[in-house]
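**Q** I am sharing data.pdb, which consists of PDB, C-alpha atoms:
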ATOM      1  CA  MET R   1      59.522  88.037 109.798  1.00  0.00           C
ATOM      2  CA  ASN R   2      61.754  85.525 108.107  1.00  0.00           C
ATOM      3  CA  LEU R   3      62.565  81.978 109.161  1.00  0.00           C
ATOM      4  CA  SER R   4      66.049  82.864 110.379  1.00  0.00           C
ATOM      5  CA  SER R   5      64.665  85.321 112.949  1.00  0.00           C
ATOM      6  CA  ALA R   6      63.103  82.360 114.760  1.00  0.00           C
ATOM      7  CA  TYR R   7      66.478  80.690 115.315  1.00  0.00           C
ATOM      8  CA  GLY R   8      69.283  81.582 117.717  1.00  0.00           C
ATOM      9  CA  ARG R   9      70.373  85.094 118.580  1.00  0.00           C
ATOM     10  CA  PRO R  10      68.899  87.784 116.342  1.00  0.00           C
ATOM     11  CA  LYS R  11      71.478  89.907 114.561  1.00  0.00           C
ATOM     12  CA  PRO R  12      72.072  93.002 116.789  1.00  0.00           C
ATOM     13  CA  SER R  13      71.263  96.279 115.089  1.00  0.00           C
ATOM     14  CA  GLY R  14      73.825  98.567 116.710  1.00  0.00           C
ATOM     15  CA  GLY R  15      76.213  99.424 119.532  1.00  0.00           C
ATOM     16  CA  PHE R  16      78.548  97.033 121.327  1.00  0.00           C
ATOM     17  CA  GLU R  17      76.606  93.868 120.476  1.00  0.00           C
ATOM     18  CA  ALA R  18      76.799  94.626 116.759  1.00  0.00           C
ATOM     19  CA  TRP R  19      80.590  95.047 116.971  1.00  0.00           C
ATOM     20  CA  SER R  20      80.794  91.873 119.038  1.00  0.00           C
ATOM     21  CA  TRP R  21      78.721  90.045 116.389  1.00  0.00           C
ATOM     22  CA  LEU R  22      81.031  91.280 113.616  1.00  0.00           C
ATOM     23  CA  PHE R  23      84.195  90.514 115.621  1.00  0.00           C
ATOM     24  CA  MET R  24      83.097  86.895 116.242  1.00  0.00           C
ATOM     25  CA  ARG R  25      82.668  86.333 112.509  1.00  0.00           C
ATOM     26  CA  ILE R  26      85.898  88.031 111.370  1.00  0.00           C
ATOM     27  CA  SER R  27      88.067  86.511 114.129  1.00  0.00           C
ATOM     28  CA  GLY R  28      86.323  83.176 113.479  1.00  0.00           C
ATOM     29  CA  ILE R  29      87.397  83.173 109.817  1.00  0.00           C
ATOM     30  CA  VAL R  30      90.985  84.155 110.731  1.00  0.00           C
ATOM     31  CA  LEU R  31      91.068  81.504 113.492  1.00  0.00           C
ATOM     32  CA  LEU R  32      89.756  78.897 111.064  1.00  0.00           C
ATOM     33  CA  VAL R  33      93.077  79.270 109.224  1.00  0.00           C
ATOM     34  CA  LEU R  34      95.338  79.916 112.262  1.00  0.00           C
ATOM     35  CA  ALA R  35      93.918  77.338 114.719  1.00  0.00           C
ATOM     36  CA  LEU R  36      93.271  74.543 112.224  1.00  0.00           C
ATOM     37  CA  GLY R  37      96.695  75.273 110.694  1.00  0.00           C
ATOM     38  CA  HIS R  38      98.252  75.038 114.156  1.00  0.00           C
ATOM     39  CA  LEU R  39      96.513  71.681 114.782  1.00  0.00           C
ATOM     40  CA  VAL R  40      97.611  70.297 111.405  1.00  0.00           C
ATOM     41  CA  ILE R  41     101.241  71.422 111.899  1.00  0.00           C
ATOM     42  CA  MET R  42     101.646  70.425 115.576  1.00  0.00           C
ATOM     43  CA  HIS R  43      99.407  67.335 115.757  1.00  0.00           C
ATOM     44  CA  LEU R  44      99.410  65.755 112.276  1.00  0.00           C
ATOM     45  CA  ILE R  45     102.650  66.791 110.508  1.00  0.00           C
ATOM     46  CA  HIS R  46     104.546  66.796 113.823  1.00  0.00           C
ATOM     47  CA  ASN R  47     103.126  65.165 116.930  1.00  0.00           C
ATOM     48  CA  VAL R  48     103.383  65.254 120.689  1.00  0.00           C
ATOM     49  CA  ASP R  49     106.306  62.745 120.624  1.00  0.00           C
ATOM     50  CA  GLU R  50     108.478  65.305 118.804  1.00  0.00           C
ATOM     51  CA  ILE R  51     107.469  68.369 120.790  1.00  0.00           C
ATOM     52  CA  ASN R  52     109.889  69.304 123.570  1.00  0.00           C
ATOM     53  CA  TYR R  53     111.954  72.251 124.745  1.00  0.00           C
ATOM     54  CA  ALA R  54     114.422  72.056 121.855  1.00  0.00           C
ATOM     55  CA  PHE R  55     111.549  71.901 119.323  1.00  0.00           C
ATOM     56  CA  VAL R  56     109.990  75.096 120.689  1.00  0.00           C
ATOM     57  CA  VAL R  57     113.355  76.902 120.920  1.00  0.00           C
ATOM     58  CA  GLU R  58     114.018  76.077 117.251  1.00  0.00           C
ATOM     59  CA  ARG R  59     110.496  77.120 116.239  1.00  0.00           C
ATOM     60  CA  PHE R  60     110.681  80.398 118.179  1.00  0.00           C
ATOM     61  CA  ARG R  61     114.070  81.329 116.698  1.00  0.00           C
ATOM     62  CA  GLY R  62     112.250  83.075 113.875  1.00  0.00           C
ATOM     63  CA  PHE R  63     110.023  86.129 114.195  1.00  0.00           C
ATOM     64  CA  GLY R  64     107.280  84.614 112.005  1.00  0.00           C
ATOM     65  CA  TRP R  65     106.091  81.766 114.230  1.00  0.00           C
ATOM     66  CA  ARG R  66     106.061  84.070 117.268  1.00  0.00           C
ATOM     67  CA  MET R  67     103.761  86.432 115.366  1.00  0.00           C
ATOM     68  CA  TYR R  68     101.622  83.463 114.220  1.00  0.00           C
ATOM     69  CA  ASP R  69     101.246  82.203 117.798  1.00  0.00           C
ATOM     70  CA  LEU R  70     100.743  85.695 119.188  1.00  0.00           C
ATOM     71  CA  SER R  71      97.906  86.584 116.761  1.00  0.00           C
ATOM     72  CA  MET R  72      96.258  83.192 117.300  1.00  0.00           C
ATOM     73  CA  LEU R  73      96.517  83.579 121.087  1.00  0.00           C
ATOM     74  CA  VAL R  74      95.033  87.089 121.182  1.00  0.00           C
ATOM     75  CA  LEU R  75      92.195  86.341 118.729  1.00  0.00           C
ATOM     76  CA  ALA R  76      91.326  82.965 120.290  1.00  0.00           C
ATOM     77  CA  MET R  77      91.219  84.297 123.849  1.00  0.00           C
ATOM     78  CA  ILE R  78      89.050  87.321 122.973  1.00  0.00           C
ATOM     79  CA  HIS R  79      86.806  85.156 120.733  1.00  0.00           C
ATOM     80  CA  GLY R  80      86.473  82.525 123.491  1.00  0.00           C
ATOM     81  CA  ALA R  81      85.950  84.986 126.349  1.00  0.00           C
ATOM     82  CA  ASN R  82      83.345  86.910 124.341  1.00  0.00           C
ATOM     83  CA  GLY R  83      81.517  83.655 123.567  1.00  0.00           C
ATOM     84  CA  MET R  84      81.583  82.783 127.274  1.00  0.00           C
ATOM     85  CA  ARG R  85      80.173  86.250 128.055  1.00  0.00           C
ATOM     86  CA  VAL R  86      77.173  85.509 125.792  1.00  0.00           C
ATOM     87  CA  ILE R  87      76.641  82.150 127.536  1.00  0.00           C
ATOM     88  CA  ILE R  88      76.795  83.828 130.983  1.00  0.00           C
ATOM     89  CA  ASP R  89      74.250  86.403 129.725  1.00  0.00           C
ATOM     90  CA  ASP R  90      71.947  83.530 128.745  1.00  0.00           C
ATOM     91  CA  TYR R  91      72.144  81.419 131.897  1.00  0.00           C
ATOM     92  CA  VAL R  92      73.151  83.638 134.834  1.00  0.00           C
ATOM     93  CA  HIS R  93      70.288  86.010 135.591  1.00  0.00           C
ATOM     94  CA  ALA R  94      70.754  87.172 139.197  1.00  0.00           C
ATOM     95  CA  PRO R  95      72.590  90.541 138.998  1.00  0.00           C
ATOM     96  CA  LEU R  96      75.099  89.673 141.736  1.00  0.00           C
ATOM     97  CA  TRP R  97      76.008  86.251 140.287  1.00  0.00           C
ATOM     98  CA  ARG R  98      76.238  87.704 136.800  1.00  0.00           C
ATOM     99  CA  ARG R  99      78.678  90.310 138.066  1.00  0.00           C
ATOM    100  CA  VAL R 100      80.689  87.590 139.870  1.00  0.00           C
ATOM    101  CA  ALA R 101      80.733  85.364 136.762  1.00  0.00           C
ATOM    102  CA  ASN R 102      81.735  88.190 134.413  1.00  0.00           C
ATOM    103  CA  GLY R 103      84.344  89.406 136.897  1.00  0.00           C
ATOM    104  CA  LEU R 104      85.925  85.941 137.146  1.00  0.00           C
ATOM    105  CA  LEU R 105      85.834  85.644 133.342  1.00  0.00           C
ATOM    106  CA  VAL R 106      87.703  88.934 132.855  1.00  0.00           C
ATOM    107  CA  LEU R 107      90.170  88.101 135.642  1.00  0.00           C
ATOM    108  CA  ILE R 108      91.002  84.552 134.435  1.00  0.00           C
ATOM    109  CA  CYS R 109      91.008  85.221 130.686  1.00  0.00           C
ATOM    110  CA  GLY R 110      92.742  88.588 131.099  1.00  0.00           C
ATOM    111  CA  SER R 111      95.605  87.278 133.228  1.00  0.00           C
ATOM    112  CA  LEU R 112      96.124  84.182 131.043  1.00  0.00           C
ATOM    113  CA  LEU R 113      96.128  86.366 127.925  1.00  0.00           C
ATOM    114  CA  ALA R 114      98.713  88.687 129.520  1.00  0.00           C
ATOM    115  CA  LEU R 115     100.857  85.674 130.527  1.00  0.00           C
ATOM    116  CA  GLY R 116     100.640  84.198 127.016  1.00  0.00           C
ATOM    117  CA  ILE R 117     101.525  87.493 125.314  1.00  0.00           C
ATOM    118  CA  PHE R 118     104.483  87.947 127.672  1.00  0.00           C
ATOM    119  CA  VAL R 119     105.846  84.454 126.934  1.00  0.00           C
ATOM    120  CA  ALA R 120     105.326  84.693 123.163  1.00  0.00           C
ATOM    121  CA  ILE R 121     107.183  88.024 122.981  1.00  0.00           C
ATOM    122  CA  PHE R 122     109.906  87.712 125.607  1.00  0.00           C
ATOM    123  CA  PHE R 123     110.827  83.994 125.714  1.00  0.00           C
ATOM    124  CA  GLN R 124     114.573  83.492 125.296  1.00  0.00           C
ATOM    125  CA  PRO R 125     116.179  80.022 125.372  1.00  0.00           C
ATOM    126  CA  VAL R 126     118.328  79.354 128.449  1.00  0.00           C
ATOM    127  CA  MET R 127     120.511  76.600 126.978  1.00  0.00           C
TER     128      MET R 127
ATOM    129  CA  MET J   1      67.047  84.832 124.951  1.00  0.00           C
ATOM    130  CA  SER J   2      68.036  81.374 123.840  1.00  0.00           C
ATOM    131  CA  MET J   3      65.331  78.826 123.121  1.00  0.00           C
ATOM    132  CA  TYR J   4      64.997  75.161 122.294  1.00  0.00           C
ATOM    133  CA  ARG J   5      63.024  74.501 119.136  1.00  0.00           C
ATOM    134  CA  GLY J   6      64.230  70.984 118.450  1.00  0.00           C
ATOM    135  CA  GLY J   7      65.780  69.524 115.302  1.00  0.00           C
ATOM    136  CA  VAL J   8      69.208  70.158 113.798  1.00  0.00           C
ATOM    137  CA  GLY J   9      68.957  73.880 114.653  1.00  0.00           C
ATOM    138  CA  GLN J  10      68.921  73.058 118.355  1.00  0.00           C
ATOM    139  CA  TRP J  11      71.651  70.427 118.088  1.00  0.00           C
ATOM    140  CA  SER J  12      74.055  72.569 116.067  1.00  0.00           C
ATOM    141  CA  TRP J  13      73.441  75.495 118.459  1.00  0.00           C
ATOM    142  CA  ALA J  14      74.066  73.356 121.570  1.00  0.00           C
ATOM    143  CA  LEU J  15      77.151  71.666 120.052  1.00  0.00           C
ATOM    144  CA  HIS J  16      78.562  75.047 119.001  1.00  0.00           C
ATOM    145  CA  ARG J  17      78.406  76.181 122.659  1.00  0.00           C
ATOM    146  CA  VAL J  18      79.722  72.931 124.151  1.00  0.00           C
ATOM    147  CA  THR J  19      82.658  72.716 121.714  1.00  0.00           C
ATOM    148  CA  GLY J  20      83.377  76.436 122.176  1.00  0.00           C
ATOM    149  CA  VAL J  21      83.564  76.144 125.967  1.00  0.00           C
ATOM    150  CA  GLY J  22      85.652  72.967 125.624  1.00  0.00           C
ATOM    151  CA  VAL J  23      88.199  74.672 123.368  1.00  0.00           C
ATOM    152  CA  LEU J  24      88.314  77.736 125.681  1.00  0.00           C
ATOM    153  CA  ILE J  25      89.090  75.520 128.710  1.00  0.00           C
ATOM    154  CA  PHE J  26      91.849  73.780 126.746  1.00  0.00           C
ATOM    155  CA  LEU J  27      93.219  77.148 125.592  1.00  0.00           C
ATOM    156  CA  CYS J  28      93.555  78.212 129.249  1.00  0.00           C
ATOM    157  CA  LEU J  29      95.406  74.975 130.132  1.00  0.00           C
ATOM    158  CA  HIS J  30      97.546  75.268 126.997  1.00  0.00           C
ATOM    159  CA  ILE J  31      98.680  78.804 127.914  1.00  0.00           C
ATOM    160  CA  LEU J  32      99.721  77.515 131.357  1.00  0.00           C
ATOM    161  CA  ASP J  33     101.643  74.475 130.036  1.00  0.00           C
ATOM    162  CA  THR J  34     103.379  76.443 127.275  1.00  0.00           C
ATOM    163  CA  SER J  35     104.323  79.223 129.719  1.00  0.00           C
ATOM    164  CA  LEU J  36     106.478  76.714 131.626  1.00  0.00           C
ATOM    165  CA  ILE J  37     108.925  77.125 128.722  1.00  0.00           C
ATOM    166  CA  VAL J  38     110.330  80.229 130.446  1.00  0.00           C
ATOM    167  CA  LEU J  39     111.407  78.028 133.405  1.00  0.00           C
ATOM    168  CA  GLY J  40     113.638  75.913 131.172  1.00  0.00           C
ATOM    169  CA  ALA J  41     113.815  72.480 129.542  1.00  0.00           C
ATOM    170  CA  GLU J  42     113.270  70.374 132.667  1.00  0.00           C
ATOM    171  CA  HIS J  43     109.877  71.829 133.578  1.00  0.00           C
ATOM    172  CA  TYR J  44     108.571  72.145 130.013  1.00  0.00           C
ATOM    173  CA  ASN J  45     109.549  68.606 129.004  1.00  0.00           C
ATOM    174  CA  ALA J  46     107.979  67.211 132.196  1.00  0.00           C
ATOM    175  CA  ILE J  47     104.583  68.780 131.448  1.00  0.00           C
ATOM    176  CA  ILE J  48     104.648  67.803 127.741  1.00  0.00           C
ATOM    177  CA  ALA J  49     105.397  64.183 128.739  1.00  0.00           C
ATOM    178  CA  ILE J  50     101.940  64.070 130.366  1.00  0.00           C
ATOM    179  CA  TYR J  51     100.338  64.713 126.949  1.00  0.00           C
ATOM    180  CA  ARG J  52     101.942  61.502 125.631  1.00  0.00           C
ATOM    181  CA  ALA J  53      99.860  59.290 127.947  1.00  0.00           C
ATOM    182  CA  PRO J  54      97.217  57.171 126.121  1.00  0.00           C
ATOM    183  CA  LEU J  55      94.315  58.988 127.840  1.00  0.00           C
ATOM    184  CA  PHE J  56      95.619  62.339 126.598  1.00  0.00           C
ATOM    185  CA  ARG J  57      96.044  60.990 123.036  1.00  0.00           C
ATOM    186  CA  VAL J  58      92.332  60.188 123.011  1.00  0.00           C
ATOM    187  CA  MET J  59      91.540  63.633 124.461  1.00  0.00           C
ATOM    188  CA  GLU J  60      93.756  65.129 121.716  1.00  0.00           C
ATOM    189  CA  VAL J  61      91.390  63.582 119.139  1.00  0.00           C
ATOM    190  CA  GLY J  62      88.489  65.096 121.106  1.00  0.00           C
ATOM    191  CA  LEU J  63      90.152  68.517 121.001  1.00  0.00           C
ATOM    192  CA  PHE J  64      90.637  68.270 117.223  1.00  0.00           C
ATOM    193  CA  ALA J  65      86.984  67.230 116.867  1.00  0.00           C
ATOM    194  CA  CYS J  66      85.812  70.220 118.964  1.00  0.00           C
ATOM    195  CA  VAL J  67      87.875  72.745 116.966  1.00  0.00           C
ATOM    196  CA  LEU J  68      86.858  71.194 113.624  1.00  0.00           C
ATOM    197  CA  PHE J  69      83.130  71.104 114.467  1.00  0.00           C
ATOM    198  CA  HIS J  70      83.217  74.672 115.822  1.00  0.00           C
ATOM    199  CA  ALA J  71      85.035  75.859 112.672  1.00  0.00           C
ATOM    200  CA  LEU J  72      82.740  74.094 110.160  1.00  0.00           C
ATOM    201  CA  ASN J  73      79.594  75.076 112.072  1.00  0.00           C
ATOM    202  CA  GLY J  74      80.884  78.660 112.283  1.00  0.00           C
ATOM    203  CA  VAL J  75      81.243  78.729 108.489  1.00  0.00           C
ATOM    204  CA  ARG J  76      77.640  77.457 108.183  1.00  0.00           C
ATOM    205  CA  ILE J  77      76.435  80.226 110.554  1.00  0.00           C
ATOM    206  CA  ILE J  78      78.319  82.916 108.589  1.00  0.00           C
ATOM    207  CA  LEU J  79      76.942  81.631 105.254  1.00  0.00           C
ATOM    208  CA  ILE J  80      73.361  81.716 106.565  1.00  0.00           C
ATOM    209  CA  ASP J  81      73.912  85.196 108.077  1.00  0.00           C
ATOM    210  CA  TRP J  82      75.056  86.597 104.746  1.00  0.00           C
ATOM    211  CA  TRP J  83      72.601  84.794 102.463  1.00  0.00           C
ATOM    212  CA  VAL J  84      69.357  84.480 104.409  1.00  0.00           C
ATOM    213  CA  GLU J  85      67.871  82.446 101.509  1.00  0.00           C
ATOM    214  CA  LEU J  86      70.154  79.616 102.594  1.00  0.00           C
ATOM    215  CA  THR J  87      67.960  79.216 105.693  1.00  0.00           C
ATOM    216  CA  ARG J  88      65.639  77.118 103.511  1.00  0.00           C
ATOM    217  CA  PHE J  89      68.482  74.628 103.089  1.00  0.00           C
ATOM    218  CA  HIS J  90      69.795  74.770 106.663  1.00  0.00           C
ATOM    219  CA  LYS J  91      69.247  71.027 107.220  1.00  0.00           C
ATOM    220  CA  LEU J  92      71.098  70.195 104.004  1.00  0.00           C
ATOM    221  CA  LEU J  93      73.935  72.540 105.038  1.00  0.00           C
ATOM    222  CA  PHE J  94      74.165  70.808 108.427  1.00  0.00           C
ATOM    223  CA  ASN J  95      74.251  67.389 106.745  1.00  0.00           C
ATOM    224  CA  ILE J  96      77.055  68.541 104.408  1.00  0.00           C
ATOM    225  CA  GLU J  97      78.884  69.836 107.484  1.00  0.00           C
ATOM    226  CA  MET J  98      78.561  66.479 109.270  1.00  0.00           C
ATOM    227  CA  VAL J  99      79.761  64.564 106.182  1.00  0.00           C
ATOM    228  CA  LEU J 100      82.825  66.861 105.915  1.00  0.00           C
ATOM    229  CA  PHE J 101      83.435  66.510 109.667  1.00  0.00           C
ATOM    230  CA  THR J 102      83.331  62.704 109.476  1.00  0.00           C
ATOM    231  CA  LEU J 103      85.492  62.517 106.334  1.00  0.00           C
ATOM    232  CA  ILE J 104      88.183  64.683 107.988  1.00  0.00           C
ATOM    233  CA  MET J 105      88.014  63.007 111.414  1.00  0.00           C
ATOM    234  CA  ILE J 106      88.632  59.472 110.062  1.00  0.00           C
ATOM    235  CA  PRO J 107      92.244  60.062 108.866  1.00  0.00           C
ATOM    236  CA  VAL J 108      92.904  62.513 111.742  1.00  0.00           C
ATOM    237  CA  THR J 109      91.896  59.911 114.347  1.00  0.00           C
ATOM    238  CA  TRP J 110      94.057  57.297 112.621  1.00  0.00           C
ATOM    239  CA  ILE J 111      97.126  59.580 112.475  1.00  0.00           C
ATOM    240  CA  MET J 112      96.753  60.663 116.125  1.00  0.00           C
ATOM    241  CA  LEU J 113      96.064  57.228 117.650  1.00  0.00           C
ATOM    242  CA  ARG J 114      98.495  55.263 115.449  1.00  0.00           C
ATOM    243  CA  PRO J 115     101.395  55.694 117.953  1.00  0.00           C
ATOM    244  CA  LEU J 116      99.308  53.818 120.557  1.00  0.00           C
ATOM    245  CA  LEU J 117      99.265  50.691 118.367  1.00  0.00           C
ATOM    246  CA  LYS J 118     103.045  50.415 118.267  1.00  0.00           C
TER     247      LYS J 118
END
Reformat the file's structure so that it appears as structure tokens.

**A**
Amino acid sequence: MNLSSAYGRPKPSGGFEAWSWLFMRISGIVLLVLALGHLVIMHLIHNVDEINYAFVVERFRGFGWRMYDLSMLVLAMIHGANGMRVIIDDYVHAPLWRRVANGLLVLICGSLLALGIFVAIFFQPVM
Amino acid sequence: MSMYRGGVGQWSWALHRVTGVGVLIFLCLHILDTSLIVLGAEHYNAIIAIYRAPLFRVMEVGLFACVLFHALNGVRIILIDWWVELTRFHKLLFNIEMVLFTLIMIPVTWIMLRPLLK
């Protein structure tokens, strides 16, 4: 028994929860760079006054920024949805409501992720 | 099962969840607004114009604060997971985190809200 075992979720010892635990930490470190980098670039170096259609068209001309946005999108959505799954596990106990909540989570996050991936890959300017 | 034991452990745990859910909700909205780009300049520029309103500038600072707290607190969690001995200094680590958070948020808030003063 150490002090840390009295705080928060205990580290899972195997199976899906252990992979989930590891994924949250690895994706978290990658997102620390990608998401904070995105905020610094789009909100501090540039800002919402400069961002418009032409700005995005110019930014998406290259392959690199599309890949940056695509990796950030995929990691952030899975990281966020998995975090939400843990919260639902903690607060929604009735089997039916838990199934409803998890179903809605998969439906909403899954369709938005698919939409985002589609746009990041296939967007072509129509000017 | 999650428990409340008081102190900074409880606060950092609760804030990690609240900021995480907040960022997830914004991510969902942000996918929808950005997806309007496929409909052309008129629709995309119309939705981005909403983000220039003063209320949204303040919420933009809130978004940055949520992401920054979640990131710094996540680093603290990872450090404690890997070096359990650090648990003895978990209050100190949280205080360092809050100092870093404040030091970063001061210039960030200034840069983001400056356009409102003009």

**Q** When you look at Ile26 of chain R with a cut-off of 12 Å (counting all atoms listed in the file), what residues show up, excluding the ones that are within fewer than 3 positions of it in the same chain? I need them as a VMD selection string.

**A** (chain R and resid 19 to 23 29 to 33 75 to 76 79) or (chain J and resid 74 to 75 78)

**Q** Box for segment 55-61 of chain J - axis-aligned, 3 Å on each of the six sides, all listed atoms - centre and size in Å to one decimal, as AutoDock Vina command-line options.

**A**
--center_x 93.7 --center_y 62.1 --center_z 123.5 --size_x 10.7 --size_y 12.1 --size_z 14.7

**Q** Can you spell out as a list in words the set of residues that the ChimeraX specification (/J :<6) & /R selects in the structure I just provided?

**A**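 Here the ChimeraX specification (/J :<6) & /R matches Leu32, Asn52, Tyr53, Gly80 and Gly116 of chain R.
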
**Q** For the file shown, report as a list in words the outcome of the PyMOL selection byres ((chain J and resi 98) around 12) at residue level.

**A**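 Selection result, ordered by chain and number: Val8, Trp11, Ser12, Ala65, Leu68, Phe69, His70, Ala71, Leu72, Asn73, Arg76, Lys91, Leu92, Leu93, Phe94, Asn95, Ile96, Glu97, Val99, Leu100, Phe101, Thr102, Leu103, Ile104 and Met105 of chain J.
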
**Q** Output the selection as a CSV table (one decimal), in the coordinates of the input - C-alpha atoms for each residue.

**A**
chain,number,residue,atom,x,y,z
J,8,VAL,CA,69.2,70.2,113.8
J,11,TRP,CA,71.7,70.4,118.1
J,12,SER,CA,74.1,72.6,116.1
J,65,ALA,CA,87.0,67.2,116.9
J,68,LEU,CA,86.9,71.2,113.6
J,69,PHE,CA,83.1,71.1,114.5
J,70,HIS,CA,83.2,74.7,115.8
J,71,ALA,CA,85.0,75.9,112.7
J,72,LEU,CA,82.7,74.1,110.2
J,73,ASN,CA,79.6,75.1,112.1
J,76,ARG,CA,77.6,77.5,108.2
J,91,LYS,CA,69.2,71.0,107.2
J,92,LEU,CA,71.1,70.2,104.0
J,93,LEU,CA,73.9,72.5,105.0
J,94,PHE,CA,74.2,70.8,108.4
J,95,ASN,CA,74.3,67.4,106.7
J,96,ILE,CA,77.1,68.5,104.4
J,97,GLU,CA,78.9,69.8,107.5
J,99,VAL,CA,79.8,64.6,106.2
J,100,LEU,CA,82.8,66.9,105.9
J,101,PHE,CA,83.4,66.5,109.7
J,102,THR,CA,83.3,62.7,109.5
J,103,LEU,CA,85.5,62.5,106.3
J,104,ILE,CA,88.2,64.7,108.0
J,105,MET,CA,88.0,63.0,111.4

**Q** Take the PyMOL selection byres ((chain R and resi 66) around 12), run it mentally on this structure, and tell me the resulting residues as a list in words.

**A**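 Output from the PyMOL selection byres ((chain R and resi 66) around 12), applied to this file: Val56, Val57, Glu58, Arg59, Phe60, Arg61, Gly62, Phe63, Gly64, Trp65, Met67, Tyr68, Asp69, Leu70, Ser71, Met72, Leu73, Gly116, Ile117, Phe118, Val119, Ala120, Ile121, Phe122, Phe123 and Gln124 of chain R.
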
**Q** I need the residues from that last selection saved to file as a tab-separated table (two decimals), in the frame of the given file (with C-alpha atoms), if you can.

**A**
chain	number	residue	atom	x	y	z
R	56	VAL	CA	109.99	75.10	120.69
R	57	VAL	CA	113.36	76.90	120.92
R	58	GLU	CA	114.02	76.08	117.25
R	59	ARG	CA	110.50	77.12	116.24
R	60	PHE	CA	110.68	80.40	118.18
R	61	ARG	CA	114.07	81.33	116.70
R	62	GLY	CA	112.25	83.08	113.88
R	63	PHE	CA	110.02	86.13	114.20
R	64	GLY	CA	107.28	84.61	112.00
R	65	TRP	CA	106.09	81.77	114.23
R	67	MET	CA	103.76	86.43	115.37
R	68	TYR	CA	101.62	83.46	114.22
R	69	ASP	CA	101.25	82.20	117.80
R	70	LEU	CA	100.74	85.70	119.19
R	71	SER	CA	97.91	86.58	116.76
R	72	MET	CA	96.26	83.19	117.30
R	73	LEU	CA	96.52	83.58	121.09
R	116	GLY	CA	100.64	84.20	127.02
R	117	ILE	CA	101.52	87.49	125.31
R	118	PHE	CA	104.48	87.95	127.67
R	119	VAL	CA	105.85	84.45	126.93
R	120	ALA	CA	105.33	84.69	123.16
R	121	ILE	CA	107.18	88.02	122.98
R	122	PHE	CA	109.91	87.71	125.61
R	123	PHE	CA	110.83	83.99	125.71
R	124	GLN	CA	114.57	83.49	125.30

**Q** From the options R:Val106, R:Pro125, R:Asp49, R:Arg98, which residue's atoms come nearest to Leu116 of chain J, counting all atoms listed in the file?

**A** R:Asp49

**Q** Compile the contact shell of segment 86-89 of chain R as a PyMOL selection string: residues with an atom at most 10 Å away, counting all atoms listed in the file, same-chain residues fewer than 2 positions apart removed.

**A** (chain R and resi 9+17+20+81-84+91-93+97-99+101-102+105) or (chain J and resi 1-2+17+21)

**Q** When you draw a straight line from atom CA of Glu50 of chain R to atom CA of Val74 of chain R, how long is it in Å?

**A**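 Separation between atom CA of Glu50 of chain R and atom CA of Val74 of chain R: 25.7 Å.
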
**Q** Expressed in Å to a single decimal, how great is the separation between atom CA of Val100 of chain R and atom CA of Phe16 of chain R?

**A**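 Taking atom CA of Val100 of chain R as the start and atom CA of Phe16 of chain R as the end point, the length is 20.9 Å.
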